[in-house]
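Data block below; observations after.
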Amino acid sequence: MPPRWTLDPDRLFSAEPSQRAAARELYALVRDLPIVSPHGHVDPALLADPSARFGSPADLFVLPDHYVCRLLHSRGVPMEDLGIATRDGSPHERDHRRIWQRFADHFYVFRSTPSGLWLSDVLISVFGVTERLDGNTAQRIYDHLAERLERPEFSPRALYERFNIRVLCTTDGAADSLEHHRRLRSEGRLDVRPTFRPDAVVHPGTPGFRDHIERLGAAAGIEITTYADYIRALEERRATFKALGATATDHGAVTPHAERLGAAEAERIFSHALRGEAGANDAARFSAHMLMEMARMSVEDGLVMQLHAGSLRNHHGALLARFGPDRGADIPVATEWTRNLRPLLEAYGDDPRFQLLLFTLDESTYGRELAPLAGYYPAVLLGPPWWFFDSPNGMVRFLDQVTETAGLYNTAGFTDDTRAFCSIPARHDVWRRVSSNWLAGLVVTGRLDAEEAAELAPECAVGLAERAYRLGAGDRST
Amino acid sequence: MPPRWTLDPDRLFSAEPSQRAAARELYALVRDLPIVSPHGHVDPALLADPSARFGSPADLFVLPDHYVCRLLHSRGVPMEDLGIATRDGSPHERDHRRIWQRFADHFYVFRSTPSGLWLSDVLISVFGVTERLDGNTAQRIYDHLAERLERPEFSPRALYERFNIRVLCTTDGAADSLEHHRRLRSEGRLDVRPTFRPDAVVHPGTPGFRDHIERLGAAAGIEITTYADYIRALEERRATFKALGATATDHGAVTPHAERLGAAEAERIFSHALRGEAGANDAARFSAHMLMEMARMSVEDGLVMQLHAGSLRNHHGALLARFGPDRGADIPVATEWTRNLRPLLEAYGDDPRFQLLLFTLDESTYGRELAPLAGYYPAVLLGPPWWFFDSPNGMVRFLDQVTETAGLYNTAGFTDDTRAFCSIPARHDVWRRVSSNWLAGLVVTGRLDAEEAAELAPECAVGLAERAYRLGAGDRST
Amino acid sequence: MPPRWTLDPDRLFSAEPSQRAAARELYALVRDLPIVSPHGHVDPALLADPSARFGSPADLFVLPDHYVCRLLHSRGVPMEDLGIATRDGSPHERDHRRIWQRFADHFYVFRSTPSGLWLSDVLISVFGVTERLDGNTAQRIYDHLAERLERPEFSPRALYERFNIRVLCTTDGAADSLEHHRRLRSEGRLDVRPTFRPDAVVHPGTPGFRDHIERLGAAAGIEITTYADYIRALEERRATFKALGATATDHGAVTPHAERLGAAEAERIFSHALRGEAGANDAARFSAHMLMEMARMSVEDGLVMQLHAGSLRNHHGALLARFGPDRGADIPVATEWTRNLRPLLEAYGDDPRFQLLLFTLDESTYGRELAPLAGYYPAVLLGPPWWFFDSPNGMVRFLDQVTETAGLYNTAGFTDDTRAFCSIPARHDVWRRVSSNWLAGLVVTGRLDAEEAAELAPECAVGLAERAYRLGAGDRST
């Protein structure tokens, strides 16, 4: 009989006793604070529909999680065998018990990864699993989870309340109907808010750009034939998002280049783009121009602007063709912020109405570019360690490299950035533990007083994110 | 009654008892050693004139310190409200008590920053402040400081001796009259030395380049009409600096590119530059050529060459126009050393007369480029962590990433690089604590013997810098 | 009488007691495991010839070790004085006692470097030196070493067995006769294997490219007049290497660019290259094409492909002209993997027959590019910290930055990469200590169970490398 599978109550705290003691005290202040989740990818339908369920254990833990799929794939497990549907209809595994077995057989590869931490925490803390997941326990644990997942207290809404989530922001395309958000809003029970994500309609390189623009126009009730129509439609949609509680927009770019085009130039490229005739260079210039425009609109409507840069999407063409995007083949590239963002920051960087959150996948820019920018421009705040760096070591590198130059008050707290709803508490818990332990390290090395640390721990857990995203008590009146 | 504001006597030492004990022992060896300050920006007038004073608390702690201004600005405090004079004469705060109040109101934003450490140390150790600085204590502390600042024992000269400064090097433009240095030199009481900084006269892109050249000629007593005159004037000025005790030059560049031009080419670009007609490309090539020339001159006159690269100055054009340079808006960029410096190092890198100190704002080059260069070329030494990286974490990253490849003996010790005279002891103390604790870490992990560490601690504190800058007992005869 | 020179039995373990205790336990599991050395530069003649000896202490420790020469050179010791032969026949030191004395006089500069650790370990553990090496003990230690080096139990073969080496792979040019490997193979006593290194015949830029191609043809028994002959010759040679036990190839490139050329284009550039008429751009495109071809051949013949990128060789032209290559003047440059390797990975990255090991000198790519690539593509494994980063801090940075994203199972264990045969146990011991201590850190912070760590420690020491290089029990049948 193997030992019961448990989590170390002191996990992620320093082994050095004085720091551990200080970390425990700080963590005790924040462990039970409500969760503010200002950026993520949860499907609002899960929460809008009281009858929504998570499906099978494979539906919940394997199929939608590209962190899981990519690592299993890297160890030689074909995506088909994980149940990922093929675009050409060729066969893929449909037996969720066999998918789960493969996942369990390879669960050891998640050792030393944050996914391993999150998955263990969810299985143990949320679902009460007591045996370590492996090939032998796989089916017993599947039974256990399947039974739980049918119970009402394991419905998304029930867990939303059990998780003590105060506010949750989703990410929604510029042309999204927002029907689920309307329902949630009218019901007024859960504080779930949309985030305006216009990537598909601001990068003329995007496949099917014209269709996206048409959908944008339809959603805005504006027939888009000119650049001016297009801008009006974007403004109209932002207003709709804001009316449904949105406080932020989100923008993805390989390169964070910003540069304003003249009106005629913008009009010319836009009309070419609508006809699918914009060259790569014009497309890039238009994207850079729209980054300026989005900043301009944020200054005017007060939506916080998030910019995520540096990910080269769909590195593996064959995978994209066979299974579609978001399967774990997005690979970062070196990113330049200082020169690329200069025109945007010179135009809006010290406007008190503007708030710009920057997220990078290039850690070499933390101390070199991002912290100095955040430490000078009033509008700039640094988003937390993102994606691959949402991990214990990634968080420490971020805090160590950023706060000496930018200060903690120029950071934006934590965002879980996840579509895996059940992992939200686990992800916030890792951040709360790591940030408490990091503050404890400053205390025991005489860099911070205990009282200062006790003030900063709740800021890291909730306060910084609330203010960065304008989700604080004062803001929420809006 | 709040607790007395104090500094932890073990600050910056590991919390792990065995390392802390070893760190204390090493620090005890260096804590009271005289200060060698081979690179900084103190105004020599402060020390040349016995009657000079620091002015008000705001004059001392806020107005001149771009580390302070930039961070307050980043939190939404306008530069005007900090008393920074506008170029167009539009109003700015002139009430130093109100400036101080704003500083104190926001002092909490310096938590976890090196500025926070330095400011606390200066207020407590130099001025005997006993209450933590905040909005409530601001005016009482202002009174306390103002009273002290009027006393003769708080004059710059008195503090120079109280600080136990053995030698202090300033930074002076190539055309500087050096009058204060002449006075200090003739008086022979304090060992204050100039450093030759020719940036304004070697980068044709510099605004007012022609005027700078004219001032250079005037200072050198040479009418500069040809490239040959120009070179002679530079050599003449270097000789004058050297005669007044200078042992080093200092060079700033966005990119450390070095490449020799043919004589005709150099002459052609120089004459165009004098007429303000040099294109950007020619200007860059001339700067690269002058880097070669400066190295050539250093080989001949023995002045140590410092090269600081990677800062994009005045990122925010509007700020520059309104308040002038050095307000905290200089932002680093990625820097390439291996290819850029190759021509210079191939020409002079193993000349025993040549000493080249490299400073970077791109930490990704520590292990990749700088340590391998210093670990091969006899002329190359690595300057300490600079500017944003002059911080406890920055120092550890530097030591960890550089010394395994280059060895400690290819580094140049510490430079405070500051214009804030009163913070000099605090800055050296941080370095002495961090380097002692770092050496202690090598001892307790069996990588260094206690005797070796006891030899290396004073090297880090004083010896390495003395030799790097040729300021040792032997050198000082010159 | 100075204290006996010894090694700390707990060296490289955390000073924190609980982590140290866990590290000791894990290290005890791996300390005495046989050494698997899958990549290095030992001369096979040393092992093929029973009468081979290492020569003098200078022959063994100074002359062949570019880590040692470069650091002494950086402190002002001319290469000639270290006994490095000049190409023009101008004088160089021939007295090995004087070479040794210079080495000993400067031994202190290796403090805090991995070379210092390795050299101390070899002198103490392999040769039983009891006095610390310095200027005073130099000659006594020389006598001691010289006496030992003449004994049969200090012959390379005797040490091979004393070191408990299970398998050792050398690196051999594509045109190498492999005579020593034939002898070792027929004898069947030591498991020494060649590695196919074709750099000289795939980069048309290489000096004497044509001669290298001729030697390749001669070795393959194929007259190479066309591109097709050339490809056949390479395939033939790979088969020969494989027949002699090779399981891997090794490829060096400044930039890891891969791109397939059309047949006609490849033929055209190859024929120009043979006549020495390939331009720099064509040469680079041909190198990129050959990287694709080498991957294609690895898919077909199953040889593991190693790619080492980012070193700019022979930075100092004068040194190259005077002493030849590999004297410590190879300096890294920034390296881009995501875009450069994309064509190769799209073509072969998920082929189960293919295994690609990537080695970098640009640590900023660990978390940004390499870990995400290894964490997605089945074929990609990450080689251990290489060259300048084969050091205690380098190993920790690698493990901390790579494993959270890629997992430990997508790394390739350890390679000593050395030509200094006697340092092999010391280098593996540093890795075994650092990886045990790193795993212990995960245990005491609750990120890994003790049983999991006990499984992973032997993987780090031997298992991961065995599988990455296909040198496991199963593979060795081949």
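Residues are referred to by chain and number: the chain letter is A, B, ... according to the order shown in the structure tokens, the number counts from 1 in that chain, and ligands are numbered separately from 1 in the order shown.
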Per-residue nearest contacts chain B to chain A, cut-off 9 Å, using only C-alpha atoms, as a tab-separated table:
residue	atom	partner	partner_atom	distance
B:Leu7	CA	A:Gly446	CA	7.4
B:Asp8	CA	A:Gly446	CA	5.3
B:Pro9	CA	A:Gly446	CA	8.1
B:Asp10	CA	A:Gly446	CA	6.9
B:Arg11	CA	A:Gly446	CA	4.3
B:Leu12	CA	A:Thr445	CA	5.0
B:Phe13	CA	A:Thr445	CA	5.9
B:Ser14	CA	A:Thr445	CA	6.3
B:Ala15	CA	A:Val444	CA	6.0
B:Glu16	CA	A:Glu16	CA	6.3
B:Tyr67	CA	A:Thr405	CA	8.9
B:Cys69	CA	A:Tyr376	CA	8.6
B:Arg70	CA	A:Tyr376	CA	4.9
B:Leu71	CA	A:Gly375	CA	5.3
B:Leu72	CA	A:Tyr376	CA	8.2
B:His73	CA	A:Tyr376	CA	6.2
B:Ser74	CA	A:Pro378	CA	4.0
B:Arg75	CA	A:Pro378	CA	5.6
B:Gly76	CA	A:Pro378	CA	5.4
B:Val77	CA	A:Pro378	CA	8.5
B:Tyr108	CA	A:Glu452	CA	8.7
B:Val109	CA	A:Gly407	CA	6.2
B:Phe110	CA	A:Gly407	CA	6.3
B:Arg111	CA	A:Gly407	CA	6.7
B:Ser112	CA	A:Glu404	CA	5.7
B:Thr113	CA	A:Glu404	CA	4.1
B:Pro114	CA	A:Glu404	CA	6.3
B:Ser115	CA	A:Glu404	CA	8.5
B:Gly116	CA	A:Arg447	CA	8.9
B:Leu117	CA	A:Arg447	CA	7.3
B:Leu312	CA	A:Thr338	CA	8.2
B:His315	CA	A:Arg342	CA	6.9
B:His316	CA	A:Glu346	CA	5.5
B:Gly317	CA	A:Glu346	CA	6.7
B:Ala318	CA	A:Glu346	CA	7.1
B:Leu319	CA	A:Glu346	CA	8.9
B:Gly328	CA	A:Tyr376	CA	6.5
B:Ala329	CA	A:Tyr376	CA	6.1
B:Asp330	CA	A:Pro372	CA	8.0
B:Ile331	CA	A:Pro372	CA	6.0
B:Pro332	CA	A:Arg368	CA	5.6
B:Val333	CA	A:Thr338	CA	6.4
B:Ala334	CA	A:Arg368	CA	7.5
B:Leu361	CA	A:Arg368	CA	6.3
B:Asp362	CA	A:Arg368	CA	5.7
B:Glu363	CA	A:Arg368	CA	7.4
B:Ser364	CA	A:Ser364	CA	6.2
B:Phe388	CA	A:Thr405	CA	6.0
B:Phe389	CA	A:Thr405	CA	8.1
B:Ser391	CA	A:Glu404	CA	7.1
B:Pro392	CA	A:Glu404	CA	8.6
B:Asn393	CA	A:Asp400	CA	6.6
B:Gly394	CA	A:Gln401	CA	7.8
What's around Tyr348 (chain B) at 9 Å? Count only C-alpha atoms, leave out sequence neighbours fewer than 5 positions away in its own chain, and write the answer as a list in words. Ala295, Arg296, Val299, Pro343, Arg353, Phe354 and Ala379 of chain B
Export of the given selection (C-alpha atoms) as a CSV table (one decimal), in the first residue's frame:
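As written to disk, out.csv reads:
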chain,number,residue,atom,x,y,z
B,295,ALA,CA,42.4,53.2,-28.1
B,296,ARG,CA,45.5,54.1,-30.0
B,299,VAL,CA,48.2,52.7,-25.8
B,343,PRO,CA,38.9,45.3,-35.0
B,353,ARG,CA,50.3,49.2,-22.3
B,354,PHE,CA,46.6,49.1,-23.0
B,379,ALA,CA,43.9,44.3,-22.2
So which residues touch region 88-104 of chain C within 10 Å, counting only C-alpha atoms, skipping near sequence neighbours fewer than 6 positions away, as an MDAnalysis selection string? chainID C and resid 56:59 61:63 68:69 72 77:82 132:139 141:143 321:323
List every residue of region 246-388 of chain A that DSSP, applied to the backbone, labels as helix (DSSP H, G or I), and write the result as a ChimeraX atom specification. /A:263-274,280-301,317-323,342-348,364-374,387-388
Determine, counting only C-alpha atoms, which protein, DNA and RNA residues have an atom within 8 Å of an atom of Gly383 (chain C); residues of the same chain fewer than 5 positions away are not included. Present the result as a list in words.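 Near neighbours after the sequence-gap exclusion: Leu357, Leu358, Phe359, Thr411, Ala412, Gly413, Phe414 and Thr415 of chain C.
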Every residue of region 115-321 of chain A that DSSP places in strand (DSSP E), as a ChimeraX atom specification: /A:165-169,172-173,192-193,196-197,248-253,304-309,311-312
Exercise: region 29-32 of chain A partners within 8 Å, only C-alpha atoms, chain neighbours under 5 positions left out, as a ChimeraX atom specification: /A:429,432,454,457-458,461
Using only C-alpha atoms, determine which residues lie at most 9 Å from Ser287 (chain C), disregarding the query and same-chain residues fewer than 2 positions distant; provide the list as a list of chain:residue names.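 Close residues of Ser287 (chain C): C:Val202, C:His203, C:Pro204, C:Gly205, C:Ala253, C:His257, C:Ala258, C:Glu259, C:Asp282, C:Ala283, C:Ala284, C:Arg285, C:His289, C:Met290, C:Leu291, C:Met292.
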Residues of the last selection are to be written out with N, CA, C and O atoms, as an mmCIF file, in the first residue's frame.
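See out11.cif below for the written result:
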data_model
loop_
_atom_site.group_PDB
_atom_site.id
_atom_site.type_symbol
_atom_site.label_atom_id
_atom_site.label_comp_id
_atom_site.auth_asym_id
_atom_site.auth_seq_id
_atom_site.Cartn_x
_atom_site.Cartn_y
_atom_site.Cartn_z
ATOM 1 N N VAL C 202 31.601 20.474 -45.048
ATOM 2 C CA VAL C 202 30.242 20.973 -45.345
ATOM 3 C C VAL C 202 30.170 22.501 -45.363
ATOM 4 O O VAL C 202 29.154 23.070 -45.757
ATOM 5 N N HIS C 203 31.245 23.169 -44.938
ATOM 6 C CA HIS C 203 31.284 24.632 -44.970
ATOM 7 C C HIS C 203 32.268 25.082 -46.055
ATOM 8 O O HIS C 203 33.473 25.090 -45.832
ATOM 9 N N PRO C 204 31.745 25.460 -47.238
ATOM 10 C CA PRO C 204 32.649 25.841 -48.323
ATOM 11 C C PRO C 204 33.586 26.983 -47.942
ATOM 12 O O PRO C 204 34.602 27.188 -48.576
ATOM 13 N N GLY C 205 33.252 27.716 -46.883
ATOM 14 C CA GLY C 205 34.133 28.789 -46.456
ATOM 15 C C GLY C 205 35.430 28.297 -45.845
ATOM 16 O O GLY C 205 36.412 29.025 -45.771
ATOM 17 N N ALA C 253 28.421 25.223 -36.046
ATOM 18 C CA ALA C 253 28.009 26.305 -36.937
ATOM 19 C C ALA C 253 27.956 27.592 -36.129
ATOM 20 O O ALA C 253 27.650 27.566 -34.938
ATOM 21 N N HIS C 257 21.472 27.904 -39.127
ATOM 22 C CA HIS C 257 20.482 28.059 -40.186
ATOM 23 C C HIS C 257 20.404 26.795 -41.032
ATOM 24 O O HIS C 257 21.417 26.223 -41.416
ATOM 25 N N ALA C 258 19.174 26.357 -41.297
ATOM 26 C CA ALA C 258 18.936 25.169 -42.121
ATOM 27 C C ALA C 258 17.963 25.522 -43.224
ATOM 28 O O ALA C 258 16.918 26.126 -42.955
ATOM 29 N N GLU C 259 18.314 25.172 -44.442
ATOM 30 C CA GLU C 259 17.397 25.443 -45.555
ATOM 31 C C GLU C 259 17.789 24.574 -46.742
ATOM 32 O O GLU C 259 18.964 24.527 -47.129
ATOM 33 N N ASP C 282 26.634 32.299 -51.005
ATOM 34 C CA ASP C 282 26.415 30.934 -51.487
ATOM 35 C C ASP C 282 26.963 29.915 -50.496
ATOM 36 O O ASP C 282 26.334 28.886 -50.226
ATOM 37 N N ALA C 283 28.134 30.207 -49.931
ATOM 38 C CA ALA C 283 28.741 29.280 -48.971
ATOM 39 C C ALA C 283 27.804 29.075 -47.785
ATOM 40 O O ALA C 283 27.562 27.945 -47.339
ATOM 41 N N ALA C 284 27.226 30.177 -47.297
ATOM 42 C CA ALA C 284 26.315 30.079 -46.149
ATOM 43 C C ALA C 284 25.074 29.274 -46.515
ATOM 44 O O ALA C 284 24.600 28.436 -45.733
ATOM 45 N N ARG C 285 24.562 29.507 -47.751
ATOM 46 C CA ARG C 285 23.367 28.762 -48.155
ATOM 47 C C ARG C 285 23.676 27.279 -48.303
ATOM 48 O O ARG C 285 22.866 26.417 -47.958
ATOM 49 N N HIS C 289 22.049 24.165 -46.320
ATOM 50 C CA HIS C 289 21.514 23.014 -47.048
ATOM 51 C C HIS C 289 22.093 21.708 -46.498
ATOM 52 O O HIS C 289 21.368 20.721 -46.292
ATOM 53 N N MET C 290 23.394 21.708 -46.219
ATOM 54 C CA MET C 290 24.022 20.487 -45.725
ATOM 55 C C MET C 290 23.536 20.110 -44.322
ATOM 56 O O MET C 290 23.519 18.936 -43.957
ATOM 57 N N LEU C 291 23.104 21.126 -43.555
ATOM 58 C CA LEU C 291 22.519 20.804 -42.255
ATOM 59 C C LEU C 291 21.235 19.987 -42.471
ATOM 60 O O LEU C 291 20.975 18.996 -41.779
ATOM 61 N N MET C 292 20.470 20.387 -43.492
ATOM 62 C CA MET C 292 19.265 19.620 -43.841
ATOM 63 C C MET C 292 19.643 18.212 -44.298
ATOM 64 O O MET C 292 19.033 17.221 -43.875
#
Residues of region 343-432 of chain B within 12 Å of region 165-169 of chain B: nearest atom pair and distance (Å, one decimal) for each, counting only C-alpha atoms, sorted by chain and number, as JSON lines?
{"residue": "B:Thr415", "atom": "CA", "partner": "B:Cys169", "partner_atom": "CA", "distance": 9.9}
{"residue": "B:Asp416", "atom": "CA", "partner": "B:Leu168", "partner_atom": "CA", "distance": 10.2}
{"residue": "B:Asp417", "atom": "CA", "partner": "B:Cys169", "partner_atom": "CA", "distance": 9.6}
{"residue": "B:Thr418", "atom": "CA", "partner": "B:Cys169", "partner_atom": "CA", "distance": 10.6}
{"residue": "B:Arg419", "atom": "CA", "partner": "B:Cys169", "partner_atom": "CA", "distance": 11.2}
{"residue": "B:Phe421", "atom": "CA", "partner": "B:Leu168", "partner_atom": "CA", "distance": 10.3}
{"residue": "B:Cys422", "atom": "CA", "partner": "B:Ile165", "partner_atom": "CA", "distance": 11.6}
{"residue": "B:Ile424", "atom": "CA", "partner": "B:Ile165", "partner_atom": "CA", "distance": 9.1}
{"residue": "B:Pro425", "atom": "CA", "partner": "B:Ile165", "partner_atom": "CA", "distance": 8.7}
{"residue": "B:His428", "atom": "CA", "partner": "B:Ile165", "partner_atom": "CA", "distance": 10.8}
Between CA of Arg182 (chain C) and CA of Ile224 (chain C) - distance in Å to one decimal: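 Calculated distance between CA of Ile224 (chain C) and CA of Arg182 (chain C) is 24.9 Å.
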Find the residues around Glu147 (chain B) up to 12 Å (only C-alpha atoms counted), leave out those fewer than 6 positions away in its own chain, and share them as a list in words. Phe54, Gly55, Ser56, Pro57, Phe127, Gly128, Val129, Arg140, Ile141, Glu153 and Phe154 of chain B
